[in-house]
Amino acid sequence: MSTTSPPVTRSLSPASFLGFHDAYAAVLAELVDARSRISTRGNAGPEQLNVSFQLENPAARLPLYAARKANVVFNLAEVLWFLGGRDDLAMMRYYAPRMASYSADGVTIDGAAYGTRLFRAPGPGGRSPFDATLDLIRTDPDTKRAVLPIFGAHEVGDADHPDVSCTIAFQLLKRGDQLHAVCYMRANDAFQGLVSDVFSFTVIHELAARLLGLELGTYTHHTGSMHIGDQHLPKARAIVAEAQHQQPPTFPVPVMPPETTRDMIAEVCTQEAQLRANRTRHTRDSLAGTGLPIYWQRLVALLDVHRRLVHHPDEPIDDSVLAFLDAAHLWLLRHKWPALAASADQTGHAS
């Protein structure tokens, strides 16, 4: 009789999903039934340790759940904030006033300002860490050292600061003609933070692939503590039920154009600042006049629709601009701001 156990076949890779829509529901389903609970800094709720998932198409980064009402405008603004290497509270408070609670001095944000650690120069050789990392991949395509640290040594053991980095590091891996990305998180609020983090880091991943002239590979997300607050459990259960019983809306997934450059990103950031200050407004002709590819024009249009909602809530929004939006973005706007529903129904994008 054999004294050894038969081999057990296990996969050491995380669960794989085509896009984030399905991954998000899977994470929430784990948490709403989790037995382990934590209570820290006044927040209590279920927790699951060591949660990982992989996205086959990182550009499919939106959770399209009516019960979630994801704020795609905030997601876009946050990643532009990162790409600009910014840490000012003023920009983010415009899109989410609650961000003020992240600031210790009422002027800047520290931990959540990942862009200061990724895109602000100087880094190695006077370049930003992001640019230095891309150069490393160009020089040594099989490198395992293309890692961008985010959680800083100064944050270790800091229990008093209102905000320390949730992200530990972001890694890029060129394998064949594809660029893969891995995001390592110390913790994620599954209801709120996870949506924003996946959106931002998949955009940065896609941008890196375009700048390197590579195909977009997989995106993998590892989290040490995946948790959710008790106050969000009812909505989380509603999302899980929606995922189980309703077919999601089907929209084409927009792809960042191969010709994207850092100058284009800078122009989008400039447009964002002008729109946030209500110093400009767009029509279809003026969007074309920016010279940006249509992909980026549509994101500027999204920011302009938000500008009108904030600064001129009683004015009708140009139907041609609404019709120009990416269909998934318009769907999300309709659910976040129901007043847009009537206009959106006339654009041909309505679900």
# chains A, B, ... in the order shown; residues from 1 in each chain; ligands from 1
$ residues_around --residues "Ser101 of chain A" --least-positions-apart "3" --cutoff "8 Å" --atoms "only C-alpha atoms" --output "PyMOL selection string"
chain A and resi 98+104+162
$ residues_around --residues "Arg298 of chain A" --least-positions-apart "2" --cutoff "9 Å" --atoms "only C-alpha atoms" --output "VMD selection string"
chain A and resid 287 293 to 296 300 to 303 321 324 to 326
$ select_by_dssp --residues "segment 23-52 of chain A" --states "alpha helix (DSSP H)" --output "ChimeraX atom specification"
/A:23-32
$ closest_residue --among "A:Met256, A:Leu76, A:Val310, A:Ala208" --to "Asp135 of chain A" --atoms "only C-alpha atoms"
A:Ala208
$ select_by_dssp --residues "segment 169-337 of chain A" --states "strand (DSSP E)" --output "ChimeraX atom specification"
/A:169-175,178-189,215-227
$ closest_residue --among "A:Pro257, A:Gly229, A:Pro129, A:Pro149" --to "Glu47 of chain A" --atoms "only C-alpha atoms"
A:Gly229
$ closest_atom_pairs --of "segment 33-148 of chain A" --to "segment 274-278 of chain A" --cutoff "12 Å" --atoms "only C-alpha atoms" --output "CSV"
residue,atom,partner,partner_atom,distance
A:Val73,CA,A:Arg276,CA,11.8
A:Ala77,CA,A:Arg276,CA,10.1
A:Ala90,CA,A:Arg276,CA,10.3
A:Met91,CA,A:Arg276,CA,8.1
A:Met92,CA,A:Arg276,CA,10.4
A:Arg93,CA,A:Arg276,CA,10.9
A:Tyr94,CA,A:Arg276,CA,7.6
A:Tyr95,CA,A:Arg276,CA,9.0
$ residues_around --residues "segment 138-142 of chain A" --least-positions-apart "3" --cutoff "9 Å" --atoms "only C-alpha atoms" --output "VMD selection string"
chain A and resid 133 to 135 173 to 176 212
$ write_last_selection --atoms "N, CA and C atoms" --output "PDB file, in the first residue's frame"
ATOM      1  N   THR A 133      11.322  53.437 -16.002  1.00  0.00           N
ATOM      2  CA  THR A 133      10.901  52.041 -16.085  1.00  0.00           C
ATOM      3  C   THR A 133      10.692  51.619 -17.533  1.00  0.00           C
ATOM      4  N   LEU A 134      10.082  52.480 -18.350  1.00  0.00           N
ATOM      5  CA  LEU A 134       9.896  52.154 -19.760  1.00  0.00           C
ATOM      6  C   LEU A 134      11.252  52.023 -20.461  1.00  0.00           C
ATOM      7  N   ASP A 135      12.191  52.895 -20.116  1.00  0.00           N
ATOM      8  CA  ASP A 135      13.526  52.797 -20.713  1.00  0.00           C
ATOM      9  C   ASP A 135      14.204  51.493 -20.325  1.00  0.00           C
ATOM     10  N   LEU A 173       5.723  43.903 -17.109  1.00  0.00           N
ATOM     11  CA  LEU A 173       6.464  42.751 -17.604  1.00  0.00           C
ATOM     12  C   LEU A 173       6.229  42.590 -19.097  1.00  0.00           C
ATOM     13  N   LYS A 174       7.250  42.804 -19.885  1.00  0.00           N
ATOM     14  CA  LYS A 174       7.159  42.563 -21.330  1.00  0.00           C
ATOM     15  C   LYS A 174       7.480  41.102 -21.583  1.00  0.00           C
ATOM     16  N   ARG A 175       6.535  40.400 -22.169  1.00  0.00           N
ATOM     17  CA  ARG A 175       6.761  39.011 -22.537  1.00  0.00           C
ATOM     18  C   ARG A 175       6.221  38.817 -23.954  1.00  0.00           C
ATOM     19  N   GLY A 176       7.130  38.503 -24.878  1.00  0.00           N
ATOM     20  CA  GLY A 176       6.753  38.451 -26.286  1.00  0.00           C
ATOM     21  C   GLY A 176       6.399  39.843 -26.759  1.00  0.00           C
ATOM     22  N   LEU A 212       5.375  51.921 -25.557  1.00  0.00           N
ATOM     23  CA  LEU A 212       6.393  50.930 -25.888  1.00  0.00           C
ATOM     24  C   LEU A 212       6.119  50.233 -27.224  1.00  0.00           C
TER      25      LEU A 212
END
$ closest_residue --among "A:His154, A:Arg68, A:His205, A:Arg86" --to "Val240 of chain A" --atoms "only C-alpha atoms"
A:Arg68
$ atom_distance --atom1 "atom CA of Lys144 of chain A" --atom2 "atom CA of Phe199 of chain A"
23.8 Å
$ atom_distance --atom1 "atom CA of Ser39 of chain A" --atom2 "atom CA of Asp87 of chain A"
28.8 Å
$ closest_residue --among "A:Thr116, A:Thr40, A:Gln178, A:Thr167" --to "Glu56 of chain A" --atoms "only C-alpha atoms"
A:Gln178
$ atom_distance --atom1 "atom CA of Ala59 of chain A" --atom2 "atom CA of His222 of chain A"
18.0 Å
$ closest_atom_pairs --of "segment 154-224 of chain A" --to "segment 19-36 of chain A" --cutoff "10 Å" --atoms "only C-alpha atoms" --output "JSON lines"
{"residue": "A:Ala190", "atom": "CA", "partner": "A:Leu28", "partner_atom": "CA", "distance": 6.9}
{"residue": "A:Phe191", "atom": "CA", "partner": "A:Leu28", "partner_atom": "CA", "distance": 7.6}
{"residue": "A:Leu194", "atom": "CA", "partner": "A:Tyr24", "partner_atom": "CA", "distance": 8.3}
{"residue": "A:Val195", "atom": "CA", "partner": "A:Tyr24", "partner_atom": "CA", "distance": 7.9}
{"residue": "A:Val198", "atom": "CA", "partner": "A:Phe20", "partner_atom": "CA", "distance": 7.9}
{"residue": "A:Phe199", "atom": "CA", "partner": "A:Phe20", "partner_atom": "CA", "distance": 9.0}
{"residue": "A:Tyr219", "atom": "CA", "partner": "A:Gly19", "partner_atom": "CA", "distance": 9.7}
$ closest_residue --among "A:His312, A:Arg262, A:Arg41, A:Lys235" --to "Tyr65 of chain A" --atoms "only C-alpha atoms"
A:Lys235
$ residues_around --residues "Leu333 of chain A" --least-positions-apart "3" --cutoff "10 Å" --atoms "only C-alpha atoms" --output "list of chain:residue names"
A:Lys69, A:Ala70, A:Asn71, A:Val72, A:Val73, A:Leu302, A:Val305, A:His306, A:Ala327, A:Ala328, A:His329, A:Leu330, A:Lys336, A:Trp337, A:Pro338, A:Ala339, A:Leu340, A:Ala341, A:Ala344
$ closest_residue --among "A:Ala187, A:Ala132, A:Leu55, A:Ile137" --to "Phe151 of chain A" --atoms "only C-alpha atoms"
A:Ala187
$ residues_around --residues "Thr220 of chain A" --least-positions-apart "5" --cutoff "7 Å" --atoms "only C-alpha atoms" --output "PyMOL selection string"
chain A and resi 53-55+181-183
$ write_last_selection --atoms "N, CA and C atoms" --output "PDB file, in the first residue's frame"
ATOM      1  N   PHE A  53      -7.008  38.575  -8.728  1.00  0.00           N
ATOM      2  CA  PHE A  53      -7.723  38.255  -9.965  1.00  0.00           C
ATOM      3  C   PHE A  53      -6.927  38.811 -11.135  1.00  0.00           C
ATOM      4  N   GLN A  54      -7.217  38.273 -12.307  1.00  0.00           N
ATOM      5  CA  GLN A  54      -6.518  38.678 -13.533  1.00  0.00           C
ATOM      6  C   GLN A  54      -7.535  39.079 -14.583  1.00  0.00           C
ATOM      7  N   LEU A  55      -7.235  40.154 -15.308  1.00  0.00           N
ATOM      8  CA  LEU A  55      -8.093  40.609 -16.398  1.00  0.00           C
ATOM      9  C   LEU A  55      -7.421  40.304 -17.728  1.00  0.00           C
ATOM     10  N   ALA A 181       0.853  43.658 -16.639  1.00  0.00           N
ATOM     11  CA  ALA A 181       0.995  44.517 -15.468  1.00  0.00           C
ATOM     12  C   ALA A 181       0.492  43.783 -14.235  1.00  0.00           C
ATOM     13  N   VAL A 182       1.129  44.088 -13.103  1.00  0.00           N
ATOM     14  CA  VAL A 182       0.734  43.533 -11.813  1.00  0.00           C
ATOM     15  C   VAL A 182       0.669  44.677 -10.814  1.00  0.00           C
ATOM     16  N   CYS A 183      -0.448  44.770 -10.113  1.00  0.00           N
ATOM     17  CA  CYS A 183      -0.624  45.782  -9.085  1.00  0.00           C
ATOM     18  C   CYS A 183      -0.702  45.088  -7.723  1.00  0.00           C
TER      19      CYS A 183
END
$ residues_around --residues "Asp263 of chain A" --least-positions-apart "2" --cutoff "12 Å" --atoms "only C-alpha atoms" --output "list in words"
Leu83, Gly84, Leu211, Glu259, Thr260, Thr261, Ile265, Ala266, Glu267, Val268, Cys269, Thr270, Gly291, Leu292 and Trp296 of chain A
$ residues_around --residues "Asp189 of chain A" --least-positions-apart "6" --cutoff "7 Å" --atoms "only C-alpha atoms" --output "ChimeraX atom specification"
/A:226-228
$ decode --residues "segment 101-136 of chain A" --atoms "N, CA and C atoms" --output "compact mmCIF listing (two decimals), in the first residue's frame"
# COMPACT_ATOMS: atom_id res chain seq x y z
N SER A 101 -11.11 64.76 3.32
CA SER A 101 -10.77 64.01 4.53
C SER A 101 -9.43 63.29 4.40
N TYR A 102 -8.87 63.21 3.18
CA TYR A 102 -7.59 62.56 2.95
C TYR A 102 -6.42 63.51 3.19
N SER A 103 -6.71 64.79 3.38
CA SER A 103 -5.65 65.79 3.48
C SER A 103 -5.38 66.16 4.93
N ALA A 104 -4.08 66.16 5.29
CA ALA A 104 -3.69 66.55 6.65
C ALA A 104 -3.58 68.05 6.80
N ASP A 105 -3.30 68.76 5.68
CA ASP A 105 -3.08 70.20 5.76
C ASP A 105 -4.12 71.03 5.03
N GLY A 106 -5.11 70.37 4.41
CA GLY A 106 -6.14 71.09 3.68
C GLY A 106 -5.70 71.60 2.33
N VAL A 107 -4.49 71.25 1.91
CA VAL A 107 -3.95 71.73 0.64
C VAL A 107 -3.50 70.58 -0.25
N THR A 108 -2.84 69.60 0.33
CA THR A 108 -2.31 68.49 -0.44
C THR A 108 -2.84 67.16 0.07
N ILE A 109 -2.70 66.15 -0.78
CA ILE A 109 -3.00 64.77 -0.41
C ILE A 109 -1.69 63.99 -0.53
N ASP A 110 -1.41 63.16 0.43
CA ASP A 110 -0.13 62.45 0.43
C ASP A 110 -0.26 61.03 -0.10
N GLY A 111 -0.80 60.13 0.70
CA GLY A 111 -0.78 58.71 0.36
C GLY A 111 -1.45 58.37 -0.95
N ALA A 112 -2.61 58.96 -1.23
CA ALA A 112 -3.37 58.62 -2.43
C ALA A 112 -2.84 59.30 -3.69
N ALA A 113 -1.86 60.17 -3.54
CA ALA A 113 -1.32 60.89 -4.71
C ALA A 113 -0.23 60.05 -5.37
N TYR A 114 -0.66 58.94 -5.97
CA TYR A 114 0.30 58.01 -6.57
C TYR A 114 1.12 58.64 -7.69
N GLY A 115 0.54 59.64 -8.34
CA GLY A 115 1.24 60.26 -9.46
C GLY A 115 2.54 60.92 -9.07
N THR A 116 2.65 61.39 -7.81
CA THR A 116 3.90 62.01 -7.39
C THR A 116 5.03 60.99 -7.35
N ARG A 117 4.68 59.72 -7.18
CA ARG A 117 5.70 58.67 -7.08
C ARG A 117 5.92 57.96 -8.42
N LEU A 118 5.00 58.15 -9.34
CA LEU A 118 5.10 57.50 -10.65
C LEU A 118 5.57 58.45 -11.75
N PHE A 119 5.02 59.67 -11.76
CA PHE A 119 5.20 60.55 -12.93
C PHE A 119 5.92 61.85 -12.64
N ARG A 120 6.25 62.10 -11.38
CA ARG A 120 6.93 63.35 -11.08
C ARG A 120 8.44 63.15 -11.14
N ALA A 121 9.11 63.94 -11.95
CA ALA A 121 10.58 63.91 -12.03
C ALA A 121 11.13 64.76 -10.87
N PRO A 122 12.38 64.59 -10.48
CA PRO A 122 13.32 63.67 -11.13
C PRO A 122 13.31 62.28 -10.50
N GLY A 123 13.54 61.30 -11.35
CA GLY A 123 13.80 59.94 -10.91
C GLY A 123 15.19 59.59 -11.37
N PRO A 124 15.43 58.33 -11.68
CA PRO A 124 16.74 57.93 -12.20
C PRO A 124 17.10 58.69 -13.47
N GLY A 125 18.26 59.31 -13.48
CA GLY A 125 18.70 60.04 -14.67
C GLY A 125 17.88 61.28 -14.97
N GLY A 126 17.19 61.82 -13.97
CA GLY A 126 16.38 63.01 -14.19
C GLY A 126 15.04 62.73 -14.84
N ARG A 127 14.73 61.48 -15.05
CA ARG A 127 13.44 61.09 -15.64
C ARG A 127 12.45 60.75 -14.53
N SER A 128 11.17 60.75 -14.87
CA SER A 128 10.20 60.26 -13.91
C SER A 128 10.41 58.76 -13.73
N PRO A 129 10.03 58.20 -12.57
CA PRO A 129 10.15 56.76 -12.40
C PRO A 129 9.44 55.96 -13.49
N PHE A 130 8.29 56.46 -13.95
CA PHE A 130 7.56 55.77 -15.03
C PHE A 130 8.40 55.74 -16.30
N ASP A 131 8.96 56.88 -16.69
CA ASP A 131 9.77 56.93 -17.91
C ASP A 131 11.03 56.09 -17.77
N ALA A 132 11.65 56.11 -16.58
CA ALA A 132 12.84 55.30 -16.36
C ALA A 132 12.51 53.81 -16.47
N THR A 133 11.32 53.44 -16.00
CA THR A 133 10.90 52.04 -16.09
C THR A 133 10.69 51.62 -17.53
N LEU A 134 10.08 52.48 -18.35
CA LEU A 134 9.90 52.15 -19.76
C LEU A 134 11.25 52.02 -20.46
N ASP A 135 12.19 52.90 -20.12
CA ASP A 135 13.53 52.80 -20.71
C ASP A 135 14.20 51.49 -20.32
N LEU A 136 14.00 51.05 -19.10
CA LEU A 136 14.58 49.77 -18.66
C LEU A 136 14.02 48.62 -19.50
